[in-house]
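Structure file protein.cif (mmCIF, C-alpha atoms and all ligand atoms) is printed below.
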data_final
loop_
_atom_site.group_PDB
_atom_site.id
_atom_site.type_symbol
_atom_site.label_atom_id
_atom_site.label_comp_id
_atom_site.auth_asym_id
_atom_site.auth_seq_id
_atom_site.Cartn_x
_atom_site.Cartn_y
_atom_site.Cartn_z
ATOM 1 C CA MET A 1 200.246 50.549 24.718
ATOM 2 C CA PRO A 2 201.387 47.999 27.345
ATOM 3 C CA ILE A 3 204.483 49.106 29.218
ATOM 4 C CA GLY A 4 207.507 46.871 29.495
ATOM 5 C CA LEU A 5 206.812 44.528 26.583
ATOM 6 C CA PRO A 6 209.661 43.887 24.157
ATOM 7 C CA VAL A 7 209.532 45.883 20.935
ATOM 8 C CA GLY A 8 207.257 44.060 18.491
ATOM 9 C CA LEU A 9 204.971 42.589 21.132
ATOM 10 C CA ASN A 10 202.931 45.754 21.507
ATOM 11 C CA GLU A 11 201.128 45.382 18.206
ATOM 12 C CA PRO A 12 199.578 41.922 18.760
ATOM 13 C CA TYR A 13 198.633 42.778 22.316
ATOM 14 C CA ALA A 14 196.922 45.897 21.031
ATOM 15 C CA GLU A 15 195.214 43.824 18.329
ATOM 16 C CA MET A 16 193.841 41.276 20.772
ATOM 17 C CA SER A 17 192.685 43.910 23.225
ATOM 18 C CA TRP A 18 190.898 45.660 20.373
ATOM 19 C CA LEU A 19 189.242 42.368 19.404
ATOM 20 C CA ALA A 20 188.123 41.801 22.980
ATOM 21 C CA THR A 21 186.566 45.264 23.042
ATOM 22 C CA MET A 22 184.755 44.631 19.762
ATOM 23 C CA ARG A 23 183.333 41.393 21.133
ATOM 24 C CA THR A 24 182.307 43.000 24.408
ATOM 25 C CA ASN A 25 180.518 45.731 22.473
ATOM 26 C CA GLY A 26 178.676 43.136 20.404
ATOM 27 C CA VAL A 27 180.218 44.235 17.096
ATOM 28 C CA THR A 28 179.768 41.556 14.429
ATOM 29 C CA MET A 29 182.957 40.530 12.665
ATOM 30 C CA PRO A 30 183.319 38.925 9.254
ATOM 31 C CA LYS A 31 183.502 35.138 9.202
ATOM 32 C CA PHE A 32 186.304 33.237 7.525
ATOM 33 C CA ILE A 33 186.713 29.542 6.878
ATOM 34 C CA LEU A 34 190.132 28.120 7.682
ATOM 35 C CA GLN A 35 191.160 24.557 6.818
ATOM 36 C CA VAL A 36 193.709 23.796 9.503
ATOM 37 C CA ASN A 37 195.208 20.352 10.012
ATOM 38 C CA GLN A 38 192.390 18.782 7.983
ATOM 39 C CA THR A 39 189.695 20.350 10.160
ATOM 40 C CA THR A 40 187.381 23.140 9.013
ATOM 41 C CA HIS A 41 187.080 26.117 11.356
ATOM 42 C CA THR A 42 184.816 29.122 10.970
ATOM 43 C CA ILE A 43 186.306 32.119 12.740
ATOM 44 C CA ASP A 44 185.171 35.671 13.423
ATOM 45 C CA ALA A 45 188.012 37.982 12.483
ATOM 46 C CA GLU A 46 188.950 41.085 10.596
ATOM 47 C CA ALA A 47 190.131 40.247 7.069
ATOM 48 C CA ASP A 48 193.609 41.584 7.785
ATOM 49 C CA MET A 49 194.132 39.628 10.999
ATOM 50 C CA PRO A 50 197.453 37.770 10.638
ATOM 51 C CA LEU A 51 196.984 34.035 10.339
ATOM 52 C CA LEU A 52 199.354 33.632 13.300
ATOM 53 C CA TRP A 53 196.917 35.382 15.646
ATOM 54 C CA ALA A 54 194.041 33.271 14.362
ATOM 55 C CA LEU A 55 195.981 30.037 14.914
ATOM 56 C CA ARG A 56 197.217 30.912 18.375
ATOM 57 C CA ASP A 57 194.445 33.028 19.855
ATOM 58 C CA LEU A 58 191.306 31.789 18.133
ATOM 59 C CA LEU A 59 192.165 28.120 17.506
ATOM 60 C CA SER A 60 194.549 27.570 20.452
ATOM 61 C CA LEU A 61 197.229 26.093 18.192
ATOM 62 C CA VAL A 62 200.090 27.590 20.155
ATOM 63 C CA GLY A 63 202.875 25.416 18.743
ATOM 64 C CA THR A 64 203.420 28.121 16.113
ATOM 65 C CA LYS A 65 205.431 30.923 17.684
ATOM 66 C CA TYR A 66 205.486 34.709 17.491
ATOM 67 C CA GLY A 67 209.010 36.006 17.058
ATOM 68 C CA CYS A 68 209.400 39.268 15.159
ATOM 69 C CA GLY A 69 205.981 39.779 13.579
ATOM 70 C CA ILE A 70 207.563 41.223 10.438
ATOM 71 C CA GLY A 71 208.555 38.156 8.439
ATOM 72 C CA GLN A 72 212.201 38.158 9.462
ATOM 73 C CA CYS A 73 212.763 35.312 11.933
ATOM 74 C CA GLY A 74 210.775 32.276 10.727
ATOM 75 C CA ALA A 75 209.387 31.346 14.163
ATOM 76 C CA CYS A 76 205.821 31.527 12.830
ATOM 77 C CA THR A 77 206.340 29.202 9.838
ATOM 78 C CA VAL A 78 203.421 26.961 8.829
ATOM 79 C CA HIS A 79 202.528 25.234 5.578
ATOM 80 C CA LEU A 80 199.962 26.708 3.231
ATOM 81 C CA ALA A 81 199.041 24.368 0.383
ATOM 82 C CA GLY A 82 202.273 22.482 1.131
ATOM 83 C CA LYS A 83 204.582 25.509 0.980
ATOM 84 C CA SER A 84 206.257 27.080 4.005
ATOM 85 C CA VAL A 85 204.893 30.553 4.738
ATOM 86 C CA ARG A 86 205.286 33.184 7.452
ATOM 87 C CA SER A 87 201.964 33.168 9.262
ATOM 88 C CA CYS A 88 202.671 36.603 10.780
ATOM 89 C CA LEU A 89 202.553 38.131 7.292
ATOM 90 C CA LEU A 90 199.639 36.183 5.851
ATOM 91 C CA THR A 91 196.109 37.420 6.539
ATOM 92 C CA VAL A 92 193.170 35.159 7.311
ATOM 93 C CA LYS A 93 191.614 36.383 4.064
ATOM 94 C CA ASP A 94 194.662 35.225 2.060
ATOM 95 C CA ALA A 95 194.701 31.873 3.836
ATOM 96 C CA GLU A 96 190.986 31.202 3.633
ATOM 97 C CA LYS A 97 189.957 27.780 2.310
ATOM 98 C CA LEU A 98 193.539 26.726 1.533
ATOM 99 C CA PRO A 99 194.982 23.736 3.421
ATOM 100 C CA ILE A 100 197.067 24.891 6.365
ATOM 101 C CA THR A 101 199.321 22.566 8.350
ATOM 102 C CA THR A 102 200.841 23.476 11.696
ATOM 103 C CA ILE A 103 203.415 21.670 13.829
ATOM 104 C CA GLU A 104 200.563 20.005 15.724
ATOM 105 C CA ALA A 105 199.745 17.897 12.650
ATOM 106 C CA LEU A 106 203.211 17.135 11.324
ATOM 107 C CA ALA A 107 203.134 13.666 12.851
ATOM 108 C CA GLN A 108 200.817 11.479 10.780
ATOM 109 C CA GLU A 109 198.489 9.346 12.890
ATOM 110 C CA GLN A 110 200.843 7.013 14.795
ATOM 111 C CA ASN A 111 204.001 8.074 12.979
ATOM 112 C CA LEU A 112 206.390 10.871 13.854
ATOM 113 C CA HIS A 113 207.646 12.859 10.904
ATOM 114 C CA PRO A 114 211.227 11.699 10.193
ATOM 115 C CA LEU A 115 212.382 15.220 11.061
ATOM 116 C CA GLN A 116 210.862 14.920 14.522
ATOM 117 C CA GLN A 117 212.729 11.666 15.141
ATOM 118 C CA ALA A 118 215.953 13.120 13.771
ATOM 119 C CA TRP A 119 215.474 16.211 15.957
ATOM 120 C CA ILE A 120 215.240 13.935 18.997
ATOM 121 C CA ASN A 121 218.223 11.832 17.915
ATOM 122 C CA GLN A 122 220.395 14.897 17.314
ATOM 123 C CA ASP A 123 219.168 16.630 20.494
ATOM 124 C CA VAL A 124 218.683 19.776 18.419
ATOM 125 C CA ALA A 125 216.604 22.059 20.604
ATOM 126 C CA GLN A 126 218.079 24.361 23.182
ATOM 127 C CA CYS A 127 215.514 26.917 24.463
ATOM 128 C CA GLY A 128 213.189 25.553 21.769
ATOM 129 C CA TYR A 129 211.484 28.787 20.801
ATOM 130 C CA CYS A 130 212.530 28.809 17.148
ATOM 131 C CA GLN A 131 212.248 25.069 16.635
ATOM 132 C CA THR A 132 208.689 24.875 15.331
ATOM 133 C CA GLY A 133 209.584 27.225 12.531
ATOM 134 C CA GLN A 134 212.825 25.381 11.816
ATOM 135 C CA ILE A 135 211.054 22.018 11.573
ATOM 136 C CA MET A 136 208.203 23.335 9.413
ATOM 137 C CA THR A 137 210.648 24.966 6.993
ATOM 138 C CA ALA A 138 212.755 21.800 6.879
ATOM 139 C CA ALA A 139 209.647 19.666 6.305
ATOM 140 C CA ALA A 140 208.647 21.756 3.291
ATOM 141 C CA LEU A 141 212.200 21.428 1.966
ATOM 142 C CA LEU A 142 212.198 17.620 2.286
ATOM 143 C CA THR A 143 208.792 17.384 0.603
ATOM 144 C CA GLU A 144 210.138 19.270 -2.393
ATOM 145 C CA ASN A 145 213.641 17.833 -2.274
ATOM 146 C CA PRO A 146 214.014 14.647 -0.184
ATOM 147 C CA GLN A 147 217.778 14.478 -0.788
ATOM 148 C CA PRO A 148 219.015 18.045 -0.298
ATOM 149 C CA THR A 149 222.665 18.994 -0.566
ATOM 150 C CA ASP A 150 224.359 21.128 2.095
ATOM 151 C CA ASP A 151 223.809 24.161 -0.122
ATOM 152 C CA ASP A 152 220.121 23.303 -0.564
ATOM 153 C CA ILE A 153 219.734 23.096 3.225
ATOM 154 C CA ASP A 154 221.613 26.353 3.810
ATOM 155 C CA GLN A 155 219.486 28.126 1.232
ATOM 156 C CA ALA A 156 216.159 26.749 2.483
ATOM 157 C CA MET A 157 216.919 27.426 6.153
ATOM 158 C CA ALA A 158 218.543 30.834 5.708
ATOM 159 C CA GLY A 159 215.446 32.734 6.847
ATOM 160 C CA ASN A 160 214.998 30.835 10.127
ATOM 161 C CA TYR A 161 216.947 32.346 12.983
ATOM 162 C CA CYS A 162 218.031 30.603 16.160
ATOM 163 C CA ARG A 163 219.318 32.771 18.980
ATOM 164 C CA CYS A 164 220.730 29.677 20.692
ATOM 165 C CA GLY A 165 222.856 28.857 17.646
ATOM 166 C CA THR A 166 221.619 25.314 17.063
ATOM 167 C CA TYR A 167 222.363 25.583 13.334
ATOM 168 C CA PRO A 168 224.905 22.696 13.110
ATOM 169 C CA ARG A 169 222.491 20.295 14.849
ATOM 170 C CA ILE A 170 219.598 21.471 12.678
ATOM 171 C CA LYS A 171 221.639 20.654 9.578
ATOM 172 C CA SER A 172 222.619 17.245 10.942
ATOM 173 C CA ALA A 173 218.993 16.463 11.768
ATOM 174 C CA ILE A 174 217.804 17.414 8.286
ATOM 175 C CA LYS A 175 220.419 15.100 6.785
ATOM 176 C CA GLU A 176 219.400 12.297 9.148
ATOM 177 C CA ALA A 177 215.728 12.803 8.288
ATOM 178 C CA SER A 178 216.613 12.710 4.611
ATOM 179 C CA ALA A 179 218.330 9.331 5.179
ATOM 180 C CA LEU A 180 215.291 8.027 7.108
ATOM 181 C CA ILE A 181 213.019 9.090 4.248
ATOM 182 C CA SER A 182 215.231 7.379 1.656
ATOM 183 C CA GLN A 183 215.034 4.162 3.714
ATOM 184 C CA ASN A 184 211.255 4.598 4.028
ATOM 185 C CA ILE A 185 211.488 4.097 7.789
ATOM 186 C CA GLN A 186 208.253 4.567 9.748
ATOM 187 C CA ILE A 187 208.734 5.992 13.247
ATOM 188 C CA LEU A 188 206.076 5.271 15.838
ATOM 189 C CA VAL A 189 205.034 8.052 18.181
ATOM 190 C CA PRO A 190 206.495 7.080 21.587
ATOM 191 C CA PRO A 191 204.138 6.715 24.541
ATOM 192 C CA GLU A 192 203.561 9.957 26.421
ATOM 193 C CA GLY A 193 206.418 10.679 28.807
ATOM 194 C CA ASP A 194 209.105 8.849 26.826
ATOM 195 C CA LEU A 195 210.442 12.118 25.418
ATOM 196 C CA ALA A 196 211.122 13.643 28.815
HETATM 197 S S1 LIG A 201 207.164 35.991 13.680
HETATM 198 FE FE1 LIG A 201 206.812 35.659 11.590
HETATM 199 S S2 LIG A 201 208.766 35.740 10.682
HETATM 200 FE FE2 LIG A 201 209.116 36.300 12.768
HETATM 201 S S1 LIG A 202 216.672 26.838 20.199
HETATM 202 FE FE1 LIG A 202 216.598 28.758 21.253
HETATM 203 S S2 LIG A 202 216.171 30.199 19.659
HETATM 204 FE FE2 LIG A 202 216.546 28.359 18.620
#
Just give me the structure of the file as structure tokens.
Ligand code: FES
Ligand code: FES
Amino acid sequence: MPIGLPVGLNEPYAEMSWLATMRTNGVTMPKFILQVNQTTHTIDAEADMPLLWALRDLLSLVGTKYGCGIGQCGACTVHLAGKSVRSCLLTVKDAEKLPITTIEALAQEQNLHPLQQAWINQDVAQCGYCQTGQIMTAAALLTENPQPTDDDIDQAMAGNYCRCGTYPRIKSAIKEASALISQNIQILVPPEGDLA
């Protein structure tokens, strides 16, 4: 077990080191087909590998974050068949062949998601670590309910924790995004560097 890692980080590190050993020893792993961000990937993984590890370590989609690893913080939230799910709790077997969307594909072609624009306008992020999960949960909420009340927002976002306490700005951004959606405003992705 690695020394000095925060509690909760030992397990994934152990998992990945075990995987590396299996590969080095030439052990054949089962193959799974994941449909991520409209691209089909075939991965070698144990059936119970958490989807989060597959996204980050096998597909290099590192926008989705590891927080607690036990379904409590929301940092790992992605969409599975349009619903927000905790990717640390879902196995690759459970997720196989269902459409998965990560933060990397929330913007559609040339358009930012209204939440992304609202997040910029409201200057929501502080350290930023929880923000992927916050945005993915909020995006699923607005898909289901484009005009949420304060209570709807509180209820939907209750499972996403932010150690920096950005909750008021998150709520403001969700309301702003809701207004942008109701006005059907398209937001162009700014040229690289404009967000700095
Ligand atoms: S890392 Fe999945 S809920 Fe915390
Ligand atoms: S912005 Fe730092 S944990 Fe949420």
Subject >> Residue neighbourhood Tyr129 in chain A, 10 Å, only C-alpha atoms, exclusion window fewer than 5 positions, as a ChimeraX atom specification >> reply: /A:63-67,75,134,162-164
**OP:** Show which residues sit within 7 Å of Thr137 in chain A, as a ChimeraX atom specification. Count all atoms listed in the file, and ignore same-chain residues fewer than 4 positions away.
**Re:** /A:77,84,133,141,157
Let me know the centre plus edge lengths, in Å and rounded to one decimal, of a box with edges along x, y and z that contains all listed atoms of ligand LIG 202 (chain A) and is padded by 4 Å on every side, as lines of an AutoDock Vina configuration file.
center_x = 216.4
center_y = 28.5
center_z = 19.9
size_x = 8.5
size_y = 11.4
size_z = 10.6
Original post:
When the cut-off is 8 Å and you count all atoms listed in the file, which residues lie near ligand LIG 202 (chain A), shown as a ChimeraX atom specification?
Top reply: /A:124-131,161-166
**OP:** Determine the residue set returned by the PyMOL selection byres (((chain A and resi 29) around 6) and not hetatm) for the present structure, and present it as a VMD selection string.
**Re:** chain A and resid 28 30 44 to 45
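CA of Asp154 in chain A to CA of Leu90 in chain A spans 24.2 Å [interatomic distance, one decimal].
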Original post:
Of the candidates A:Ser60, A:Ser172, A:Thr101, A:Gln122, which shows the shortest atom-to-atom distance to Met136 in chain A, using only C-alpha atoms?
Top reply: A:Thr101
Subject >> Selection result for the PyMOL selection byres (((not hetatm)) within 7 of (chain A and resi 201)) on this file, as number ranges by chain >> reply: A: 65-77, 86-89
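Neighbourhood of point (184.5, 35.9, 7.9): residues with an atom at most 12 Å away, counting all atoms listed in the file, are A:Thr28, A:Met29, A:Pro30, A:Lys31, A:Phe32, A:Ile33, A:Leu34, A:His41, A:Thr42, A:Ile43, A:Asp44, A:Ala45, A:Glu46, A:Ala47, A:Asp48, A:Met49, A:Ala54, A:Thr91, A:Val92, A:Lys93, A:Asp94, A:Ala95, A:Glu96, A:Lys97.
Restricting the calculation to all atoms listed in the file, the smallest distance between Asp152 in chain A and any of A:Val78, A:Thr132, A:Ile174, A:Arg169 is found for A:Ile174.
CA of Asp123 in chain A lies 22.4 Å from CA of Gln155 in chain A.
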